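Student: What follows is protein24.cif, made up of mmCIF, C-alpha atoms:
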data_entry
#
loop_
_atom_site.label_atom_id
_atom_site.label_comp_id
_atom_site.auth_asym_id
_atom_site.auth_seq_id
_atom_site.Cartn_x
_atom_site.Cartn_y
_atom_site.Cartn_z
CA MET O 1 -1.07 -47.88 -65.72
CA ALA O 2 -3.05 -50.51 -63.86
CA GLN O 3 -3.61 -53.76 -65.68
CA ALA O 4 -6.88 -55.59 -66.28
CA PRO O 5 -8.30 -57.77 -63.51
CA ILE O 6 -7.76 -61.49 -63.71
CA PHE O 7 -11.31 -62.23 -64.89
CA MET O 8 -10.87 -60.27 -68.09
CA ILE O 9 -11.44 -62.53 -71.13
CA GLU O 10 -8.99 -62.08 -73.99
CA ASP O 11 -9.68 -62.67 -77.66
CA VAL O 12 -8.34 -65.89 -79.16
CA ASP O 13 -5.45 -64.26 -81.05
CA THR O 14 -4.20 -62.40 -77.99
CA ALA O 15 -4.57 -65.43 -75.75
CA THR O 16 -2.71 -67.64 -78.27
CA GLN O 17 0.09 -65.07 -78.50
CA HIS O 18 0.44 -64.93 -74.71
CA ALA O 19 0.48 -68.74 -74.55
CA ALA O 20 3.18 -69.06 -77.23
CA THR O 21 5.31 -66.31 -75.64
CA ALA O 22 4.97 -67.94 -72.23
CA ILE O 23 6.29 -71.25 -73.60
CA ALA O 24 9.17 -69.43 -75.33
CA GLU O 25 10.11 -67.52 -72.16
CA MET O 26 10.21 -70.73 -70.13
CA ALA O 27 12.30 -72.49 -72.78
CA MET O 28 14.77 -69.58 -72.94
CA ARG O 29 15.19 -69.62 -69.16
CA GLU O 30 15.27 -73.44 -68.97
CA ILE O 31 12.17 -73.48 -66.79
CA SER O 32 10.09 -76.64 -67.00
CA PRO O 33 6.75 -75.88 -68.75
CA THR O 34 4.57 -77.34 -65.99
CA PRO O 35 0.95 -76.14 -65.71
CA GLY O 36 1.77 -74.01 -62.66
CA ASN O 37 4.78 -72.37 -64.33
CA PHE O 38 2.74 -71.77 -67.48
CA CYS O 39 -0.04 -70.17 -65.41
CA VAL O 40 2.44 -67.71 -63.84
CA TRP O 41 4.08 -66.71 -67.13
CA TYR O 42 0.77 -66.44 -68.98
CA ASN O 43 -0.71 -64.12 -66.36
CA TYR O 44 2.53 -62.13 -66.17
CA LEU O 45 2.50 -61.51 -69.92
CA SER O 46 -1.22 -60.69 -70.01
CA GLY O 47 -0.88 -58.27 -67.08
CA ALA O 48 -3.94 -59.84 -65.44
CA VAL O 49 -2.46 -59.73 -61.92
CA PRO O 50 -0.61 -56.45 -61.18
CA GLU O 51 1.02 -57.72 -57.98
CA LEU O 52 2.35 -60.80 -59.80
CA ARG O 53 3.77 -58.60 -62.55
CA ARG O 54 5.56 -56.40 -60.00
CA ASP O 55 6.98 -59.41 -58.11
CA LEU O 56 8.28 -61.08 -61.26
CA ASP O 57 9.61 -57.80 -62.69
CA THR O 58 11.55 -57.28 -59.46
CA LEU O 59 12.96 -60.80 -59.76
CA LEU O 60 13.91 -60.33 -63.42
CA LEU O 61 15.55 -56.93 -62.81
CA SER O 62 17.59 -58.27 -59.91
CA GLY O 63 19.93 -59.97 -62.38
CA LYS O 64 19.59 -63.32 -60.63
CA THR O 65 18.72 -66.48 -62.53
CA VAL O 66 14.99 -67.09 -62.40
CA SER O 67 14.45 -70.72 -61.41
CA SER O 68 11.49 -73.07 -61.46
CA SER O 69 11.34 -72.79 -57.67
CA ASN O 70 10.96 -69.00 -57.95
CA ILE O 71 8.04 -69.44 -60.35
CA GLN O 72 6.51 -72.15 -58.13
CA GLU O 73 6.58 -69.74 -55.19
CA LEU O 74 4.71 -67.16 -57.27
CA PHE O 75 2.15 -69.77 -58.31
CA ASP O 76 1.60 -70.80 -54.68
CA LYS O 77 1.20 -67.14 -53.68
CA TYR O 78 -1.28 -66.09 -56.36
CA PHE O 79 -3.03 -69.13 -57.80
CA ARG O 80 -2.96 -72.23 -55.63
CA GLU O 81 -6.47 -73.15 -54.50
CA PRO O 82 -7.64 -76.59 -53.27
CA GLY O 83 -9.81 -78.43 -55.79
CA ALA O 84 -8.79 -76.49 -58.90
CA GLU O 85 -5.20 -77.73 -59.04
CA GLU O 86 -6.06 -81.11 -60.60
CA ARG O 87 -7.95 -79.47 -63.45
CA LEU O 88 -5.14 -76.98 -63.96
CA GLN O 89 -2.60 -79.81 -64.02
CA GLN O 90 -4.53 -81.84 -66.59
CA THR O 91 -5.19 -78.85 -68.81
CA GLY O 92 -1.55 -77.80 -68.64
CA ASP O 93 -0.40 -81.31 -69.56
CA ASP O 94 -2.75 -81.36 -72.55
CA LEU O 95 -1.59 -77.93 -73.65
CA GLN O 96 2.05 -78.92 -73.32
CA GLN O 97 1.45 -82.07 -75.39
CA THR O 98 -0.36 -80.13 -78.11
CA LEU O 99 2.36 -77.49 -78.34
CA ALA O 100 4.97 -80.25 -78.59
CA GLU O 101 3.01 -81.73 -81.51
CA VAL O 102 2.95 -78.34 -83.26
CA ILE O 103 6.71 -78.06 -82.85
CA ARG O 104 7.14 -81.56 -84.28
CA GLN O 105 4.93 -80.73 -87.27
CA VAL O 106 6.86 -77.56 -88.04
CA ALA O 107 10.18 -79.39 -87.69
CA GLN O 108 8.97 -82.09 -90.10
CA ALA O 109 7.96 -79.41 -92.59
CA GLY O 110 11.50 -78.07 -92.41
CA LEU O 111 12.93 -81.51 -93.20
CA ASP O 112 10.54 -81.94 -96.15
CA ALA O 113 11.52 -78.54 -97.51
CA ASN O 114 15.18 -79.45 -97.11
CA GLU O 115 14.71 -82.65 -99.12
CA PHE O 116 12.88 -80.73 -101.84
CA GLY O 117 15.76 -78.25 -101.96
CA LYS O 118 18.22 -81.11 -102.47
CA THR O 119 16.13 -82.38 -105.40
CA LEU O 120 16.13 -78.93 -107.00
CA ASN O 121 19.88 -78.57 -106.51
CA LYS O 122 20.43 -81.96 -108.10
CA ALA O 123 18.31 -81.00 -111.10
CA SER O 124 20.05 -77.64 -111.39
CA GLY O 125 23.42 -79.38 -111.36
CA SER O 126 22.37 -81.82 -114.07
CA LEU O 127 21.03 -79.04 -116.28
CA GLY O 128 24.08 -76.88 -115.74
CA ALA O 129 26.50 -79.65 -116.62
CA GLY O 130 25.85 -79.28 -120.33
CA ARG O 131 23.91 -81.33 -122.81
CA ILE O 132 21.46 -83.89 -121.44
CA ASP O 133 19.82 -86.57 -123.59
CA ALA O 134 16.07 -87.00 -123.93
CA PRO O 135 15.64 -90.05 -121.65
CA ALA O 136 17.65 -88.38 -118.87
CA MET O 137 15.63 -85.18 -119.31
CA LYS O 138 12.41 -87.19 -119.05
CA ASP O 139 13.61 -88.84 -115.84
CA LEU O 140 14.71 -85.49 -114.40
CA VAL O 141 11.37 -83.82 -115.19
CA GLY O 142 9.51 -86.81 -113.72
CA GLU O 143 11.58 -86.58 -110.55
CA LEU O 144 10.85 -82.86 -110.23
CA ILE O 145 7.12 -83.43 -110.80
CA ASN O 146 7.00 -86.14 -108.16
CA ALA O 147 8.98 -84.04 -105.66
CA THR O 148 6.71 -81.05 -106.27
CA LYS O 149 3.58 -83.16 -105.79
CA LEU O 150 5.02 -84.65 -102.60
CA ILE O 151 5.93 -81.31 -101.04
CA GLY O 152 2.50 -79.98 -102.02
CA GLN O 153 0.74 -82.93 -100.39
CA ARG O 154 2.83 -82.65 -97.26
CA ASN O 155 2.21 -78.90 -97.03
CA GLN O 156 -1.53 -79.51 -97.30
CA ALA O 157 -1.28 -82.16 -94.59
CA LEU O 158 0.76 -79.80 -92.42
CA GLU O 159 -1.80 -77.03 -92.90
CA ALA O 160 -4.59 -79.39 -91.85
CA GLN O 161 -2.62 -80.61 -88.85
CA LEU O 162 -1.77 -77.08 -87.73
CA LYS O 163 -5.40 -76.02 -88.12
CA GLN O 164 -6.48 -78.97 -85.98
CA SER O 165 -3.82 -78.15 -83.38
CA SER O 166 -4.84 -74.49 -83.36
CA THR O 167 -8.44 -75.49 -82.67
CA LYS O 168 -7.30 -77.77 -79.86
CA ILE O 169 -5.10 -75.04 -78.33
CA THR O 170 -8.05 -72.64 -78.41
CA ALA O 171 -10.22 -75.20 -76.61
CA LEU O 172 -7.47 -75.86 -74.05
CA GLN O 173 -7.06 -72.13 -73.51
CA SER O 174 -10.77 -71.94 -72.76
CA ARG O 175 -10.39 -74.82 -70.28
CA LEU O 176 -7.43 -73.11 -68.66
CA GLU O 177 -9.43 -69.90 -68.31
CA SER O 178 -12.25 -71.92 -66.76
CA ALA O 179 -9.84 -73.53 -64.30
CA ARG O 180 -8.50 -70.12 -63.31
CA ARG O 181 -12.04 -68.87 -62.77
CA ASP O 182 -12.86 -71.89 -60.62
CA ALA O 183 -9.77 -71.21 -58.52
CA LEU O 184 -11.16 -67.74 -57.76
CA THR O 185 -14.80 -68.68 -57.20
CA ASP O 186 -16.52 -69.66 -53.96
CA ALA O 187 -18.07 -73.06 -54.67
CA LEU O 188 -21.12 -72.55 -52.46
CA THR O 189 -22.28 -69.06 -53.44
CA GLY O 190 -20.88 -68.78 -56.97
CA ILE O 191 -19.29 -65.38 -56.36
CA GLY O 192 -15.58 -64.61 -55.85
CA ASN O 193 -13.68 -66.21 -52.99
CA ARG O 194 -11.17 -64.62 -50.60
CA LYS O 195 -8.31 -64.98 -53.06
CA SER O 196 -10.43 -63.21 -55.68
CA PHE O 197 -11.09 -60.38 -53.22
CA ASP O 198 -7.38 -60.05 -52.35
CA LEU O 199 -6.49 -59.71 -56.03
CA ALA O 200 -9.38 -57.35 -56.77
CA ILE O 201 -8.64 -54.96 -53.90
CA GLN O 202 -4.98 -54.73 -54.95
CA PHE O 203 -5.96 -53.90 -58.53
CA ARG O 204 -8.73 -51.45 -57.61
CA ALA O 205 -6.58 -49.63 -55.03
CA GLN O 206 -3.77 -49.24 -57.57
CA GLN O 207 -6.28 -47.99 -60.14
CA ALA O 208 -7.82 -45.50 -57.71
CA THR O 209 -4.37 -44.17 -56.79
CA GLU O 210 -3.31 -43.73 -60.43
CA GLN O 211 -6.59 -42.14 -61.50
CA GLN O 212 -7.13 -40.20 -58.24
CA GLY O 213 -10.60 -41.70 -58.15
CA ASP O 214 -12.94 -42.99 -55.47
CA LEU O 215 -13.06 -46.54 -54.17
CA CYS O 216 -15.33 -47.82 -51.42
CA LEU O 217 -15.51 -51.13 -49.58
CA LEU O 218 -18.59 -52.78 -48.06
CA ILE O 219 -18.10 -55.58 -45.55
CA ILE O 220 -21.39 -57.40 -45.06
CA ASP O 221 -22.14 -59.72 -42.15
CA ILE O 222 -25.27 -61.93 -41.88
CA ASP O 223 -27.10 -61.18 -38.66
CA HIS O 224 -27.59 -64.12 -36.23
CA PHE O 225 -26.21 -66.59 -38.78
CA LYS O 226 -25.36 -69.09 -36.04
CA LYS O 227 -29.04 -69.13 -35.12
CA PHE O 228 -29.98 -70.39 -38.60
CA ASN O 229 -27.46 -73.22 -38.29
CA ASP O 230 -28.36 -74.14 -34.73
CA SER O 231 -32.14 -73.95 -35.24
CA TYR O 232 -32.56 -75.43 -38.71
CA GLY O 233 -29.27 -77.17 -39.55
CA HIS O 234 -26.31 -76.42 -41.80
CA ARG O 235 -28.27 -77.06 -44.99
CA VAL O 236 -30.48 -74.09 -44.20
CA GLY O 237 -27.36 -72.13 -43.26
CA ASP O 238 -25.95 -72.91 -46.69
CA GLN O 239 -29.17 -71.68 -48.30
CA VAL O 240 -28.83 -68.41 -46.41
CA LEU O 241 -25.30 -67.99 -47.76
CA LYS O 242 -26.47 -68.82 -51.28
CA LEU O 243 -29.27 -66.27 -50.99
CA VAL O 244 -26.93 -63.46 -49.96
CA GLY O 245 -24.50 -64.44 -52.74
CA ALA O 246 -27.31 -64.42 -55.31
CA LYS O 247 -28.55 -61.01 -54.16
CA LEU O 248 -25.01 -59.64 -54.36
CA LYS O 249 -24.74 -60.91 -57.93
CA GLN O 250 -27.91 -59.03 -58.78
CA ALA O 251 -26.70 -55.86 -57.06
CA VAL O 252 -23.27 -55.50 -58.68
CA THR O 253 -22.49 -53.47 -61.78
CA GLU O 254 -19.86 -54.23 -64.39
CA ASN O 255 -16.98 -52.62 -62.44
CA ASP O 256 -17.91 -53.90 -58.96
CA SER O 257 -16.21 -56.87 -57.31
CA ALA O 258 -18.21 -59.10 -54.95
CA ALA O 259 -16.71 -61.91 -52.90
CA ARG O 260 -17.37 -64.18 -49.96
CA TYR O 261 -14.91 -62.73 -47.49
CA GLY O 262 -15.06 -65.62 -45.04
CA GLY O 263 -17.69 -67.58 -43.12
CA GLU O 264 -20.86 -65.48 -43.10
CA GLU O 265 -19.06 -62.30 -44.22
CA PHE O 266 -19.10 -60.88 -47.74
CA ALA O 267 -17.23 -58.00 -49.34
CA LEU O 268 -18.15 -55.63 -52.12
CA LEU O 269 -15.71 -53.23 -53.82
CA LEU O 270 -17.26 -50.19 -55.50
CA PRO O 271 -14.87 -48.29 -57.81
CA GLN O 272 -15.67 -44.70 -58.78
CA THR O 273 -18.16 -44.47 -55.92
CA LYS O 274 -18.21 -41.80 -53.21
CA LEU O 275 -18.76 -42.72 -49.56
CA PHE O 276 -22.33 -41.43 -49.37
CA GLU O 277 -23.18 -43.25 -52.62
CA ALA O 278 -21.69 -46.48 -51.27
CA ALA O 279 -23.69 -46.13 -48.05
CA ASP O 280 -26.85 -45.58 -50.08
CA ARG O 281 -26.20 -48.69 -52.17
CA ALA O 282 -25.46 -50.67 -49.01
CA ASP O 283 -28.77 -49.62 -47.48
CA LYS O 284 -30.70 -50.53 -50.64
CA PHE O 285 -29.05 -53.95 -50.63
CA ARG O 286 -29.87 -54.42 -46.94
CA THR O 287 -33.53 -53.45 -47.27
CA GLY O 288 -34.00 -55.45 -50.46
CA LEU O 289 -32.55 -58.57 -48.88
CA GLY O 290 -34.59 -58.27 -45.70
CA ALA O 291 -37.90 -57.66 -47.50
CA HIS O 292 -38.49 -61.36 -48.11
CA SER O 293 -38.64 -64.37 -45.81
CA LEU O 294 -36.63 -67.52 -46.46
CA LYS O 295 -38.73 -70.67 -46.56
CA ASN O 296 -38.61 -74.32 -47.56
CA ARG O 297 -40.32 -74.64 -50.93
CA THR O 298 -41.12 -78.31 -50.34
CA THR O 299 -42.58 -78.14 -46.83
CA GLY O 300 -43.56 -74.49 -46.72
CA GLN O 301 -41.67 -74.00 -43.45
CA VAL O 302 -40.75 -70.33 -42.96
CA TYR O 303 -37.26 -69.63 -41.59
CA GLY O 304 -37.66 -65.88 -41.38
CA ALA O 305 -36.04 -62.85 -42.99
CA VAL O 306 -32.30 -62.71 -43.64
CA THR O 307 -30.86 -59.41 -42.45
CA VAL O 308 -27.33 -58.05 -42.65
CA SER O 309 -25.16 -55.44 -41.01
CA ILE O 310 -22.81 -53.50 -43.28
CA GLY O 311 -19.70 -51.42 -42.69
CA VAL O 312 -18.53 -48.96 -45.35
CA SER O 313 -15.12 -47.33 -45.82
CA ARG O 314 -13.46 -45.16 -48.47
CA TYR O 315 -9.92 -45.78 -49.75
CA GLN O 316 -7.34 -43.08 -49.09
CA PRO O 317 -4.94 -43.17 -52.08
CA GLY O 318 -1.63 -44.77 -51.16
CA GLU O 319 -2.70 -46.05 -47.74
CA PRO O 320 -2.03 -49.67 -46.68
CA LEU O 321 -4.89 -51.94 -47.67
CA GLU O 322 -5.08 -53.21 -44.09
CA SER O 323 -6.14 -49.73 -42.96
CA PHE O 324 -8.82 -49.55 -45.66
CA ILE O 325 -10.25 -52.92 -44.58
CA THR O 326 -9.92 -52.19 -40.86
CA ARG O 327 -12.08 -49.05 -41.13
CA ALA O 328 -14.83 -51.05 -42.87
CA ASP O 329 -14.55 -53.70 -40.15
CA GLN O 330 -14.83 -51.09 -37.41
CA ALA O 331 -17.89 -49.59 -39.08
CA LEU O 332 -19.41 -53.08 -39.29
CA TYR O 333 -18.88 -53.63 -35.56
CA ARG O 334 -20.65 -50.34 -34.83
CA ALA O 335 -23.60 -51.39 -37.00
CA LYS O 336 -23.87 -54.67 -35.10
CA ASN O 337 -23.44 -53.04 -31.68
CA ASP O 338 -26.14 -50.48 -32.54
CA GLY O 339 -28.70 -53.25 -33.06
CA ARG O 340 -27.81 -54.97 -36.35
CA ASN O 341 -29.72 -54.78 -39.65
CA ARG O 342 -28.21 -51.41 -40.44
CA VAL O 343 -25.39 -49.63 -42.31
CA ALA O 344 -22.56 -47.70 -40.68
CA THR O 345 -19.83 -45.69 -42.39
CA GLU O 346 -16.24 -45.15 -41.30
CA VAL O 347 -15.29 -42.45 -38.82
CA LEU O 348 -12.18 -40.55 -39.90
#
As structure tokens, please, write out the structure in this file.
Tutor:
Amino acid sequence: MAQAPIFMIEDVDTATQHAATAIAEMAMREISPTPGNFCVWYNYLSGAVPELRRDLDTLLLSGKTVSSSNIQELFDKYFREPGAEERLQQTGDDLQQTLAEVIRQVAQAGLDANEFGKTLNKASGSLGAGRIDAPAMKDLVGELINATKLIGQRNQALEAQLKQSSTKITALQSRLESARRDALTDALTGIGNRKSFDLAIQFRAQQATEQQGDLCLLIIDIDHFKKFNDSYGHRVGDQVLKLVGAKLKQAVTENDSAARYGGEEFALLLPQTKLFEAADRADKFRTGLGAHSLKNRTTGQVYGAVTVSIGVSRYQPGEPLESFITRADQALYRAKNDGRNRVATEVL
């Protein structure tokens, strides 16, 4: 079955389990627990990225030793994004340090328990040796009382330390999730970036194939975008991009995936949507966007309406994703050639 998309948020217990298992897997395979390596193993175990899971499964089933360089290649392929790496590195370092502290605490608890066991064995030997006088019995009981108090105090301290570490790990997990989200978000518009789209289309295509369901793609291009930049400057151009991104956010449902595809192009994946339904949604988005003029709130200067041309295609189960995207692109070109500010669907 298809796995959940990367933006799925796990509960704390599940996330903590994945994190602990990821560390254990790396230790077993003698792979350095760097932030990048941790990111790959965590997402592999959670099933958040189906293509990553298939790549790593293939590597594991090959019988070859999985090295840090193999994992680094997978990280570069699926997660590396300029700007987010520093946050990921820092969060990973903090997580690694916290997990090391937990291991130290547990190891210390084992030593304390071992010392307590020695005290009990000593007392058992003294009692089993035969008669013991009153002063010696008093000393023995006092030693046992002190040892019991000590182990109790240390266990309480360990419990408090582990609770504190658990809280910190939860917070770091949240930071790591935030870093992953940032790596898949377009900084200007606030919607998914190209990497997010690439992951989403792989997941949704796999899901549509398994469930024999519908999947449609909208490729949206801003009409005369260069004119906005040339006439009013890049700041206005950025505002146009932000406006389209904001309208896309408002238009998507829970299962849809919106992304900035590149430059002035956007993409919208619509699972469980037939071609005519996708075309209807595209036209509603187009008319809703173009119904208002963009203007400078400070000066009152009107820049005009923002219109878009949209190409729509439907996924054929099992086909190469390039074909699916190409048909949407071809439909988009027809919409632009026919006068722009319109929707065109694929021609099969």
Student: Could you write out as a ChimeraX atom specification the residues that the PyMOL selection byres ((chain O and resi 74) around 12) matches in the shown file?
Tutor: /O:36-41,43-44,49,51-57,59,66-73,75-80
Student: Applying the PyMOL selection byres ((chain O and resi 25) around 12) to the file I just gave you, which residues come out? Please list them as a PyMOL selection string.
Tutor: chain O and resi 18-24+26-33+37-38+40-42+44-45+60+66
Student: Select all residues near (-18.4, -43.3, -59.4) (cut-off 9 Å, inclusive, file coordinates), counting only C-alpha atoms, and output them as a ChimeraX atom specification.
Tutor: /O:213-215,270-274,277
Student: Residues near Ala259 (chain O), anyone? I mean within 10 Å using all atoms listed in the file, not counting same-chain ones fewer than 3 positions away, as a PyMOL selection string.
Tutor: chain O and resi 184-186+189-198+200+219+245+248-249+262+265-269
Student: Here is a test: counting all atoms listed in the file, which residue of O:Leu241, O:Arg281, O:Gly47, O:Glu346 is nearest to Ser323 (chain O)?
Tutor: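 Using all atoms listed in the file, Ser323 (chain O) sits closest to O:Glu346.
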Student: Between O:Ser293, O:Ser313, O:Thr14, O:Thr326, which residue has the minimum interatomic distance to Cys216 (chain O), considering only C-alpha atoms?
Tutor: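 Smallest separation from Cys216 (chain O) among the options: O:Ser313.
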Student: Calculated over all atoms listed in the file, which of the candidates O:Thr34, O:Thr16, O:Thr345, O:Thr307 has the smallest distance to Phe276 (chain O)?
Tutor: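 When distances to Phe276 (chain O) are compared using all atoms listed in the file, the smallest one comes from O:Thr345.
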Student: From the list O:Ile325, O:Ala278, O:Ile201, O:Val312, which residue is nearest Leu218 (chain O) when using all atoms listed in the file?
Tutor: O:Val312
Student: Which residues come within 12 Å of Lys226 (chain O), counting all atoms listed in the file, excluding same-chain residues fewer than 2 positions away, as a list of chain:residue names?
Tutor: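 Contacts, with the query itself left out: O:Asp221, O:Ile222, O:Asp223, O:His224, O:Phe228, O:Asn229, O:Asp230, O:Ser231, O:Tyr232, O:Gly233, O:His234, O:Val236, O:Gly237, O:Asp238, O:Val240, O:Leu241, O:Gly263, O:Glu264.
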Student: May I ask for the distance between CA of Gly290 (chain O) and CA of Arg235 (chain O), given in Å to one decimal place?
Tutor: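 These atoms are spaced 19.8 Å apart.
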